[in-house]
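Structure file coords-v9.cif; described as mmCIF, C-alpha atoms.
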data_input
loop_
_atom_site.label_atom_id
_atom_site.label_comp_id
_atom_site.auth_asym_id
_atom_site.auth_seq_id
_atom_site.Cartn_x
_atom_site.Cartn_y
_atom_site.Cartn_z
CA VAL A 227 0.00 0.00 0.00
CA LYS A 228 1.34 3.42 -0.93
CA TYR A 229 -0.20 6.31 1.00
CA HIS A 230 -0.71 9.31 -1.21
CA LYS A 231 -1.19 12.97 -0.39
CA ILE A 232 1.02 12.97 2.71
CA PRO A 233 3.00 16.23 2.47
CA ASN A 234 6.80 15.99 2.50
CA GLU A 235 6.92 18.03 5.70
CA THR A 236 4.68 15.48 7.43
CA VAL A 237 6.85 12.62 6.14
CA ARG A 238 9.87 14.45 7.55
CA ARG A 239 8.27 14.52 11.00
CA LEU A 240 7.10 10.89 11.03
CA PRO A 241 10.52 9.42 11.99
CA ILE A 242 10.79 12.07 14.69
CA TYR A 243 7.42 11.00 16.11
CA LEU A 244 8.57 7.39 15.86
CA ARG A 245 11.72 8.17 17.83
CA GLY A 246 9.62 9.90 20.49
CA LEU A 247 7.23 6.94 20.66
CA MET A 248 10.13 4.48 21.03
CA LEU A 249 11.44 6.58 23.90
CA LEU A 250 7.99 6.64 25.54
CA THR A 251 7.70 2.86 25.21
CA GLN A 252 11.12 2.42 26.84
CA ASN A 253 9.84 4.54 29.70
CA GLY A 254 6.85 2.24 30.17
CA ASN A 255 4.08 4.28 28.51
CA SER A 256 1.39 2.61 26.43
CA SER A 257 -0.69 5.64 25.40
CA ILE A 258 0.04 9.32 24.95
CA SER A 259 -1.86 12.56 24.32
CA SER A 260 -0.85 14.83 21.45
CA ARG A 261 -0.01 17.47 24.07
CA LYS A 262 2.37 15.18 25.93
CA LEU A 263 3.89 13.87 22.68
CA SER A 264 4.33 17.50 21.68
CA GLU A 265 6.69 18.02 24.62
CA VAL A 266 8.72 14.93 23.75
CA VAL A 267 9.19 15.67 20.05
CA ASN A 268 9.07 19.47 20.19
CA VAL A 269 6.33 19.87 17.55
CA ASN A 270 3.05 21.75 18.14
CA ALA A 271 0.18 19.53 19.32
CA TRP A 272 -2.12 20.81 16.54
CA GLN A 273 0.56 19.97 13.98
CA ILE A 274 0.85 16.45 15.39
CA ARG A 275 -2.93 15.96 15.20
CA LYS A 276 -2.97 17.27 11.64
CA ASP A 277 -0.07 15.01 10.60
CA PHE A 278 -1.76 11.93 12.07
CA SER A 279 -5.06 12.84 10.40
CA TYR A 280 -3.49 12.02 7.00
CA PHE A 281 -3.53 8.35 7.83
CA GLY A 282 -6.67 7.79 9.85
CA GLU A 283 -8.04 8.15 13.34
CA PHE A 284 -5.82 7.06 16.20
CA GLY A 285 -6.66 9.17 19.16
CA THR A 286 -9.27 8.27 21.79
CA ARG A 287 -10.71 11.26 23.61
CA GLY A 288 -9.38 11.44 27.15
CA ILE A 289 -6.88 8.62 26.60
CA GLY A 290 -4.85 9.73 23.60
CA TYR A 291 -2.97 7.63 21.10
CA ASN A 292 -2.16 3.97 21.56
CA ILE A 293 1.62 4.03 21.22
CA GLU A 294 2.03 0.51 19.81
CA ASN A 295 -0.64 0.95 17.11
CA LEU A 296 0.63 4.38 16.18
CA SER A 297 4.28 3.21 15.95
CA SER A 298 3.37 0.26 13.81
CA GLU A 299 1.27 2.44 11.48
CA ILE A 300 4.09 4.99 11.08
CA LYS A 301 6.55 2.18 10.30
CA LYS A 302 4.14 0.81 7.70
CA ILE A 303 3.73 4.20 6.04
CA LEU A 304 7.47 4.84 5.97
CA ASN A 305 8.13 1.29 4.70
CA LEU A 306 10.37 0.65 7.68
CA ASN A 307 8.82 -2.77 8.33
CA THR A 308 10.89 -4.34 5.57
CA SER A 309 14.67 -4.70 5.41
CA ASN A 310 16.28 -1.53 4.10
CA LYS A 311 19.83 -2.28 3.06
CA THR A 312 21.99 0.79 2.68
CA ALA A 313 25.42 1.38 1.13
CA LEU A 314 27.84 4.03 2.29
CA VAL A 315 30.15 5.78 -0.17
CA GLY A 316 33.08 7.56 1.43
CA ALA A 317 34.78 6.16 4.52
CA GLY A 318 36.51 9.36 5.66
CA ASN A 319 35.79 11.03 8.99
CA LEU A 320 32.10 11.56 8.32
CA GLY A 321 31.57 8.17 6.67
CA SER A 322 33.35 6.38 9.52
CA ALA A 323 31.15 8.23 12.02
CA VAL A 324 28.05 7.17 10.08
CA LEU A 325 29.25 3.54 9.98
CA SER A 326 29.85 3.54 13.72
CA TYR A 327 26.48 5.13 14.48
CA SER A 328 24.27 2.76 16.41
CA GLY A 329 20.95 4.54 15.90
CA PHE A 330 19.90 3.06 12.54
CA ALA A 331 18.85 -0.40 13.70
CA ALA A 332 15.84 0.92 15.64
CA TYR A 333 14.34 2.00 12.30
CA GLY A 334 15.14 -1.28 10.51
CA LEU A 335 17.93 0.41 8.58
CA ASN A 336 21.20 -1.46 8.01
CA ILE A 337 24.40 -0.27 6.39
CA THR A 338 25.56 -3.49 4.76
CA ALA A 339 28.25 -2.18 2.39
CA ALA A 340 30.81 0.64 2.34
CA PHE A 341 33.03 1.97 -0.42
CA ASP A 342 36.03 4.25 -0.72
CA ASN A 343 38.64 5.06 -3.39
CA ASP A 344 41.55 5.16 -0.91
CA PRO A 345 43.60 1.91 -1.17
CA ASP A 346 44.64 2.36 2.48
CA LYS A 347 41.01 2.12 3.55
CA VAL A 348 39.86 -0.68 1.24
CA GLY A 349 39.81 -4.00 3.11
CA LYS A 350 39.54 -2.42 6.55
CA LYS A 351 36.54 -3.15 8.72
CA ILE A 352 34.40 -0.58 10.55
CA ASN A 353 31.56 -1.78 12.77
CA GLY A 354 31.57 -5.14 11.00
CA VAL A 355 31.44 -3.71 7.47
CA THR A 356 34.46 -4.20 5.17
CA ILE A 357 35.36 -1.19 3.01
CA GLU A 358 35.35 -2.11 -0.68
CA ASP A 359 36.87 -0.32 -3.65
CA VAL A 360 34.50 2.25 -5.14
CA SER A 361 34.88 0.58 -8.55
CA ARG A 362 32.71 -2.23 -7.18
CA LEU A 363 29.57 -0.06 -6.79
CA ASN A 364 27.93 -2.06 -9.60
CA VAL A 365 27.39 -4.96 -7.16
CA LEU A 366 24.63 -3.05 -5.36
CA LYS A 367 21.79 -4.26 -7.58
CA ARG A 368 22.81 -7.90 -7.15
CA ARG A 369 22.96 -7.42 -3.38
CA LYS A 370 19.50 -5.82 -3.38
CA ILE A 371 20.77 -2.58 -1.85
CA ASP A 372 18.32 0.25 -2.68
CA LEU A 373 19.59 3.11 -0.52
CA ALA A 374 22.92 4.89 -0.41
CA ILE A 375 24.62 7.50 1.76
CA ILE A 376 27.09 9.84 0.05
CA ALA A 377 29.70 11.04 2.55
CA ILE A 378 32.36 12.52 0.29
CA PRO A 379 33.42 16.10 -0.40
CA GLY A 380 31.54 18.16 -2.95
CA PRO A 381 33.02 17.90 -6.44
CA GLU A 382 33.01 14.09 -6.73
CA ALA A 383 29.51 13.67 -5.32
CA GLN A 384 27.78 14.04 -8.68
CA ASN A 385 29.94 11.33 -10.31
CA VAL A 386 29.21 8.99 -7.44
CA ALA A 387 25.50 9.76 -7.67
CA ASP A 388 25.52 8.97 -11.41
CA THR A 389 27.20 5.63 -10.69
CA LEU A 390 24.76 4.86 -7.88
CA VAL A 391 21.78 5.52 -10.16
CA LYS A 392 23.27 3.15 -12.78
CA ALA A 393 23.69 0.57 -10.00
CA GLY A 394 19.95 0.68 -9.31
CA ILE A 395 19.90 2.84 -6.17
CA LYS A 396 16.47 4.40 -5.52
CA GLY A 397 17.22 6.83 -2.69
CA ILE A 398 20.27 8.83 -1.62
CA LEU A 399 21.10 10.53 1.65
CA ASN A 400 23.56 13.24 0.61
CA PHE A 401 26.03 14.78 3.07
CA SER A 402 28.01 16.63 0.41
CA PRO A 403 27.22 20.36 0.38
CA CYS A 404 26.48 20.15 -3.36
CA ARG A 405 23.14 19.83 -5.08
CA ILE A 406 23.00 16.47 -6.80
CA GLY A 407 21.18 16.02 -10.08
CA VAL A 408 19.44 12.66 -10.52
CA PRO A 409 16.52 11.31 -12.58
CA LYS A 410 13.14 12.29 -11.15
CA LYS A 411 12.27 8.83 -9.85
CA ILE A 412 15.32 8.87 -7.54
CA LYS A 413 14.82 10.54 -4.15
CA VAL A 414 17.68 12.61 -2.72
CA ILE A 415 17.67 13.95 0.84
CA THR A 416 20.50 16.38 1.56
CA ILE A 417 21.71 16.92 5.12
CA ASP A 418 23.41 20.27 5.62
CA ILE A 419 24.49 20.61 9.23
CA ALA A 420 25.12 24.34 8.62
CA THR A 421 21.38 24.95 8.23
CA ASP A 422 20.83 23.37 11.64
CA LEU A 423 23.57 25.34 13.36
CA ALA A 424 22.24 28.47 11.64
CA ARG A 425 18.99 28.19 13.61
CA LEU A 426 20.64 28.43 17.00
CA PRO A 427 21.41 32.19 17.03
CA TYR A 428 17.70 32.90 16.54
CA TYR A 429 17.08 31.40 19.97
CA THR A 430 20.21 32.50 21.74
CA ALA A 431 20.85 36.08 20.67
CA SER A 432 19.78 38.92 22.96
CA SER A 433 18.47 36.46 25.56
CA VAL B 89 14.79 43.43 17.56
CA LYS B 90 13.42 40.03 18.49
CA TYR B 91 10.69 38.73 16.19
CA HIS B 92 8.04 36.90 18.14
CA LYS B 93 5.40 34.45 17.03
CA ILE B 94 7.51 32.81 14.31
CA PRO B 95 6.78 29.08 14.66
CA ASN B 96 9.75 26.75 15.22
CA GLU B 97 8.99 24.95 11.97
CA THR B 98 9.28 28.25 10.07
CA VAL B 99 12.55 29.05 11.84
CA ARG B 100 13.79 25.62 10.77
CA ARG B 101 13.09 26.41 7.13
CA LEU B 102 14.62 29.92 7.14
CA PRO B 103 18.25 28.72 6.78
CA ILE B 104 17.12 26.40 4.00
CA TYR B 105 15.54 29.34 2.17
CA LEU B 106 18.72 31.32 2.79
CA ARG B 107 20.83 28.55 1.27
CA GLY B 108 18.55 28.48 -1.78
CA LEU B 109 18.74 32.26 -2.13
CA MET B 110 22.56 32.18 -1.92
CA LEU B 111 22.59 29.58 -4.69
CA LEU B 112 20.24 31.70 -6.82
CA THR B 113 22.45 34.77 -6.30
CA GLN B 114 25.51 32.76 -7.38
CA ASN B 115 23.60 31.85 -10.52
CA GLY B 116 22.98 35.51 -11.30
CA ASN B 117 19.34 35.89 -10.19
CA SER B 118 18.13 39.03 -8.43
CA SER B 119 14.47 38.18 -7.92
CA ILE B 120 12.52 34.95 -7.56
CA SER B 121 8.89 33.80 -7.42
CA SER B 122 7.71 31.61 -4.56
CA ARG B 123 7.00 28.93 -7.17
CA LYS B 124 10.54 28.97 -8.53
CA LEU B 125 12.04 29.13 -5.02
CA SER B 126 9.82 26.18 -4.17
CA GLU B 127 11.67 24.06 -6.76
CA VAL B 128 15.07 25.11 -5.42
CA VAL B 129 14.37 24.46 -1.74
CA ASN B 130 11.82 21.65 -2.10
CA VAL B 131 9.14 23.29 0.07
CA ASN B 132 5.57 24.02 -1.11
CA ALA B 133 5.08 27.51 -2.59
CA TRP B 134 2.13 28.21 -0.24
CA GLN B 135 4.27 27.22 2.72
CA ILE B 136 7.01 29.61 1.57
CA ARG B 137 4.51 32.47 1.22
CA LYS B 138 3.08 31.69 4.65
CA ASP B 139 6.55 31.55 6.24
CA PHE B 140 7.54 34.90 4.72
CA SER B 141 4.26 36.48 5.82
CA TYR B 142 5.44 36.24 9.45
CA PHE B 143 7.96 38.98 8.87
CA GLY B 144 6.32 41.36 6.45
CA GLU B 145 5.58 41.79 2.78
CA PHE B 146 8.38 41.00 0.34
CA GLY B 147 6.79 39.79 -2.84
CA THR B 148 5.82 42.04 -5.74
CA ARG B 149 3.07 40.62 -7.92
CA GLY B 150 4.47 39.42 -11.24
CA ILE B 151 8.09 39.93 -10.17
CA GLY B 152 8.44 37.94 -6.99
CA TYR B 153 10.82 38.42 -4.12
CA ASN B 154 13.90 40.62 -4.23
CA ILE B 155 16.61 38.11 -3.33
CA GLU B 156 19.00 40.56 -1.68
CA ASN B 157 16.35 42.14 0.56
CA LEU B 158 14.89 38.78 1.47
CA SER B 159 18.31 37.26 2.31
CA SER B 160 19.26 40.21 4.46
CA GLU B 161 15.93 40.07 6.30
CA ILE B 162 16.27 36.34 6.98
CA LYS B 163 19.82 36.85 8.28
CA LYS B 164 18.54 39.62 10.57
CA ILE B 165 15.76 37.43 11.94
CA LEU B 166 18.10 34.50 12.53
CA ASN B 167 20.72 36.80 14.10
CA LEU B 168 23.24 35.65 11.54
CA ASN B 169 24.44 39.20 10.84
CA THR B 170 26.61 39.17 13.97
CA SER B 171 29.60 36.98 14.72
CA ASN B 172 28.50 33.61 16.07
CA LYS B 173 31.47 31.89 17.65
CA THR B 174 31.00 28.19 18.18
CA ALA B 175 32.91 25.58 20.18
CA LEU B 176 33.13 21.92 19.25
CA VAL B 177 33.31 19.23 21.93
CA GLY B 178 34.53 15.87 20.65
CA ALA B 179 37.17 15.63 17.94
CA GLY B 180 36.53 12.03 16.90
CA ASN B 181 35.41 11.06 13.42
CA LEU B 182 32.24 13.12 13.49
CA GLY B 183 33.81 16.12 15.23
CA SER B 184 36.73 16.12 12.79
CA ALA B 185 34.29 16.04 9.89
CA VAL B 186 32.38 18.98 11.41
CA LEU B 187 35.63 20.94 11.90
CA SER B 188 36.64 20.33 8.29
CA TYR B 189 33.23 21.30 6.94
CA SER B 190 33.44 24.43 4.83
CA GLY B 191 29.75 25.30 4.75
CA PHE B 192 29.44 27.29 8.00
CA ALA B 193 31.11 30.53 6.90
CA ALA B 194 28.31 31.39 4.46
CA TYR B 195 26.01 31.76 7.48
CA GLY B 196 28.48 33.80 9.53
CA LEU B 197 29.13 30.80 11.77
CA ASN B 198 32.69 30.10 12.93
CA ILE B 199 34.03 27.18 14.95
CA THR B 200 36.76 28.94 16.92
CA ALA B 201 37.52 26.31 19.57
CA ALA B 202 37.56 22.52 19.84
CA PHE B 203 37.92 20.20 22.82
CA ASP B 204 38.57 16.53 23.43
CA ASN B 205 39.56 14.36 26.39
CA ASP B 206 42.02 12.22 24.40
CA PRO B 207 45.62 13.32 25.14
CA ASP B 208 46.64 12.08 21.68
CA LYS B 209 44.29 14.60 20.08
CA VAL B 210 44.93 17.59 22.35
CA GLY B 211 47.36 20.03 20.69
CA LYS B 212 46.64 18.81 17.16
CA LYS B 213 45.23 21.23 14.61
CA ILE B 214 42.24 20.59 12.34
CA ASN B 215 41.28 23.23 9.79
CA GLY B 216 43.22 25.87 11.74
CA VAL B 217 41.65 25.06 15.11
CA THR B 218 43.85 23.58 17.86
CA ILE B 219 42.22 20.85 19.96
CA GLU B 220 42.27 21.75 23.66
CA ASP B 221 41.75 19.58 26.70
CA VAL B 222 38.10 19.29 27.68
CA SER B 223 38.96 20.48 31.20
CA ARG B 224 39.41 23.94 29.69
CA LEU B 225 35.73 24.38 28.72
CA ASN B 226 35.41 27.10 31.35
CA VAL B 227 37.29 29.51 29.04
CA LEU B 228 34.26 29.79 26.74
CA LYS B 229 32.65 32.69 28.57
CA ARG B 230 35.86 34.71 28.51
CA ARG B 231 36.22 34.07 24.79
CA LYS B 232 32.61 35.13 24.19
CA ILE B 233 31.63 31.79 22.66
CA ASP B 234 27.85 31.33 22.95
CA LEU B 235 27.23 28.21 20.85
CA ALA B 236 28.53 24.67 21.12
CA ILE B 237 28.39 21.47 19.09
CA ILE B 238 28.41 18.18 21.00
CA ALA B 239 29.93 15.43 18.86
CA ILE B 240 30.59 12.69 21.40
CA PRO B 241 28.90 9.34 22.03
CA GLY B 242 25.78 9.17 24.14
CA PRO B 243 26.51 8.59 27.82
CA GLU B 244 28.97 11.46 28.33
CA ALA B 245 26.89 14.02 26.45
CA GLN B 246 24.87 15.07 29.49
CA ASN B 247 27.99 15.77 31.57
CA VAL B 248 29.43 17.85 28.77
CA ALA B 249 26.14 19.72 28.38
CA ASP B 250 26.12 20.50 32.13
CA THR B 251 29.67 21.88 31.88
CA LEU B 252 28.77 23.91 28.78
CA VAL B 253 25.82 25.49 30.56
CA LYS B 254 28.07 26.43 33.48
CA ALA B 255 30.49 27.94 30.96
CA GLY B 256 27.76 30.29 29.72
CA ILE B 257 26.78 28.52 26.48
CA LYS B 258 23.32 29.57 25.25
CA GLY B 259 22.72 27.10 22.43
CA ILE B 260 23.79 23.51 21.71
CA LEU B 261 23.79 21.51 18.50
CA ASN B 262 23.67 17.92 19.74
CA PHE B 263 24.85 15.00 17.59
CA SER B 264 24.69 12.46 20.39
CA PRO B 265 21.66 10.17 20.11
CA CYS B 266 20.68 11.03 23.70
CA ARG B 267 18.17 13.55 24.92
CA ILE B 268 20.01 16.27 26.79
CA GLY B 269 18.46 18.01 29.76
CA VAL B 270 19.33 21.70 30.14
CA PRO B 271 17.76 24.74 31.83
CA LYS B 272 14.84 26.16 29.87
CA LYS B 273 16.66 29.26 28.64
CA ILE B 274 19.23 27.07 26.81
CA LYS B 275 18.27 25.95 23.29
CA VAL B 276 19.23 22.44 22.19
CA ILE B 277 18.89 21.25 18.59
CA THR B 278 19.48 17.52 18.16
CA ILE B 279 20.57 16.12 14.80
CA ASP B 280 19.72 12.46 14.37
CA ILE B 281 20.82 11.25 10.96
CA ALA B 282 18.77 8.10 11.44
CA THR B 283 15.54 10.12 11.24
CA ASP B 284 16.68 11.47 7.88
CA LEU B 285 17.66 8.09 6.49
CA ALA B 286 14.36 6.71 7.81
CA ARG B 287 12.42 8.93 5.40
CA LEU B 288 14.00 7.47 2.27
CA PRO B 289 12.12 4.13 2.17
CA TYR B 290 8.83 6.08 2.05
CA TYR B 291 9.87 7.40 -1.34
CA THR B 292 11.73 4.40 -2.70
CA ALA B 293 9.71 1.35 -1.71
CA SER B 294 7.38 -0.23 -4.27
CA SER B 295 8.43 2.30 -6.92
#
For this file, write the structure as structure tokens.
Amino acid sequence: VKYHKIPNETVRRLPIYLRGLMLLTQNGNSSISSRKLSEVVNVNAWQIRKDFSYFGEFGTRGIGYNIENLSSEIKKILNLNTSNKTALVGAGNLGSAVLSYSGFAAYGLNITAAFDNDPDKVGKKINGVTIEDVSRLNVLKRRKIDLAIIAIPGPEAQNVADTLVKAGIKGILNFSPCRIGVPKKIKVITIDIATDLARLPYYTASS
Amino acid sequence: VKYHKIPNETVRRLPIYLRGLMLLTQNGNSSISSRKLSEVVNVNAWQIRKDFSYFGEFGTRGIGYNIENLSSEIKKILNLNTSNKTALVGAGNLGSAVLSYSGFAAYGLNITAAFDNDPDKVGKKINGVTIEDVSRLNVLKRRKIDLAIIAIPGPEAQNVADTLVKAGIKGILNFSPCRIGVPKKIKVITIDIATDLARLPYYTASS
């Protein structure tokens, strides 16, 4: 089932809600009001209710949302209930940090392959994943890897993206500060940590 | 001047608009319609118009927004038109990647200090910044550093945050997967790359 008409901004918040719900479960909660969830995820309660309204009715007046049902529905919508194998390209500082990051598993995401063009890195193992030569990117289709993370400096990112598209990748998480051009059916999400840091002075200046 | 009533979600998008406007300026544009900006920044045109409506009227019918005026207004709102000195705590893989990242300057953000507890790292220089021992965090106030980036693994993050607050830090960009508790007047923005990767399967599954 593919859910249509969910705005991109709502899709962006769904994993954040999911993270909040996982935290609430860990703390022994089984249901939650939109107001209480609002405090955990730092999104307005009316926005939460509006976001959830795109995929049906979950809340019960006076009780709130059933956390287990809601989590499972969000996972279904995001397609996180199937295996999502991911390849990493670039095993420098950022790539190594991504490989060592332990937070993916909770979402059913697994980095199962990593590539670099540095012969000194090829063959080394980080967090159980052996770095392969970047010339081997064409194995991705055979290994049923649909997602890729680009963690290399700007100029080469487009070349890598072109190769990834040829290798059958459907979605790219891009850490390079460059815009990447890909065919329309490929989804690219760019993470620019500068845009996050750039929000802080709004809250901290003249306070 | 402090602009009130701008929702957090709008504040989150302002640096993204700013990045798009910088790109458009580089490409020789001087004005832009909300529809065209929408394509550059990947946010709905109505959402862009609504966001801009919080801080006045910028668009001219048939011409669009003046890019220079709009950029300068966004910078003013975000307090990016003053120097924003930032400290980094944690010079591991992620911290080193952050220190080497060249994208901050465009927003007037500067990482001017870096700290680690590893004696092998202390004294080394990355991108012109010398790593100092983490016991020296109390110098931040004297150096007029208001912002900090936490790039260390989970468990120690809270201790570091406590020390940063004592050292007069007003805003924290947190890369550790943990929730950090701070006094209410301190702003914490947490970056969890897993929540970004977790959006990709929504777009790529069954396509």
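Among the candidate residues A:Val237, A:Ala424, A:Ala383, A:Ile398, the one lying nearest to Asn169 in chain B is A:Ala424, with distances computed using all atoms listed in the file.
What the PyMOL selection byres ((chain A and resi 333-335) around 7) matches in the given file is Leu306, Asn307, Ser309, Asn310, Lys311, Phe330, Ala331, Ala332, Asn336 and Ile337 of chain A; Ala286 of chain B.
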- [ ] Would you kindly report the residues of chain B within 7 Å of chain A, using all atoms listed in the file, as a ChimeraX atom specification?
- [x] /B:99-100,103-104,165-168,181-182,184-185,191-192,195,258-259,261,275,282-283,285-293
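Every residue that the PyMOL selection byres ((chain B and resi 218) around 12) selects in this file is listed here: Ala175, Leu176, Ala179, Ser184, Leu187, Ile199, Thr200, Ala201, Ala202, Phe203, Asp204, Lys209, Val210, Gly211, Lys212, Lys213, Ile214, Asn215, Gly216, Val217, Ile219, Glu220 and Asp221 of chain B.
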Open item on the list: Report, in Å to a single decimal, how far apart CA of Gly256 in chain B and CA of Leu228 in chain B are.
Closed with: 7.2 Å
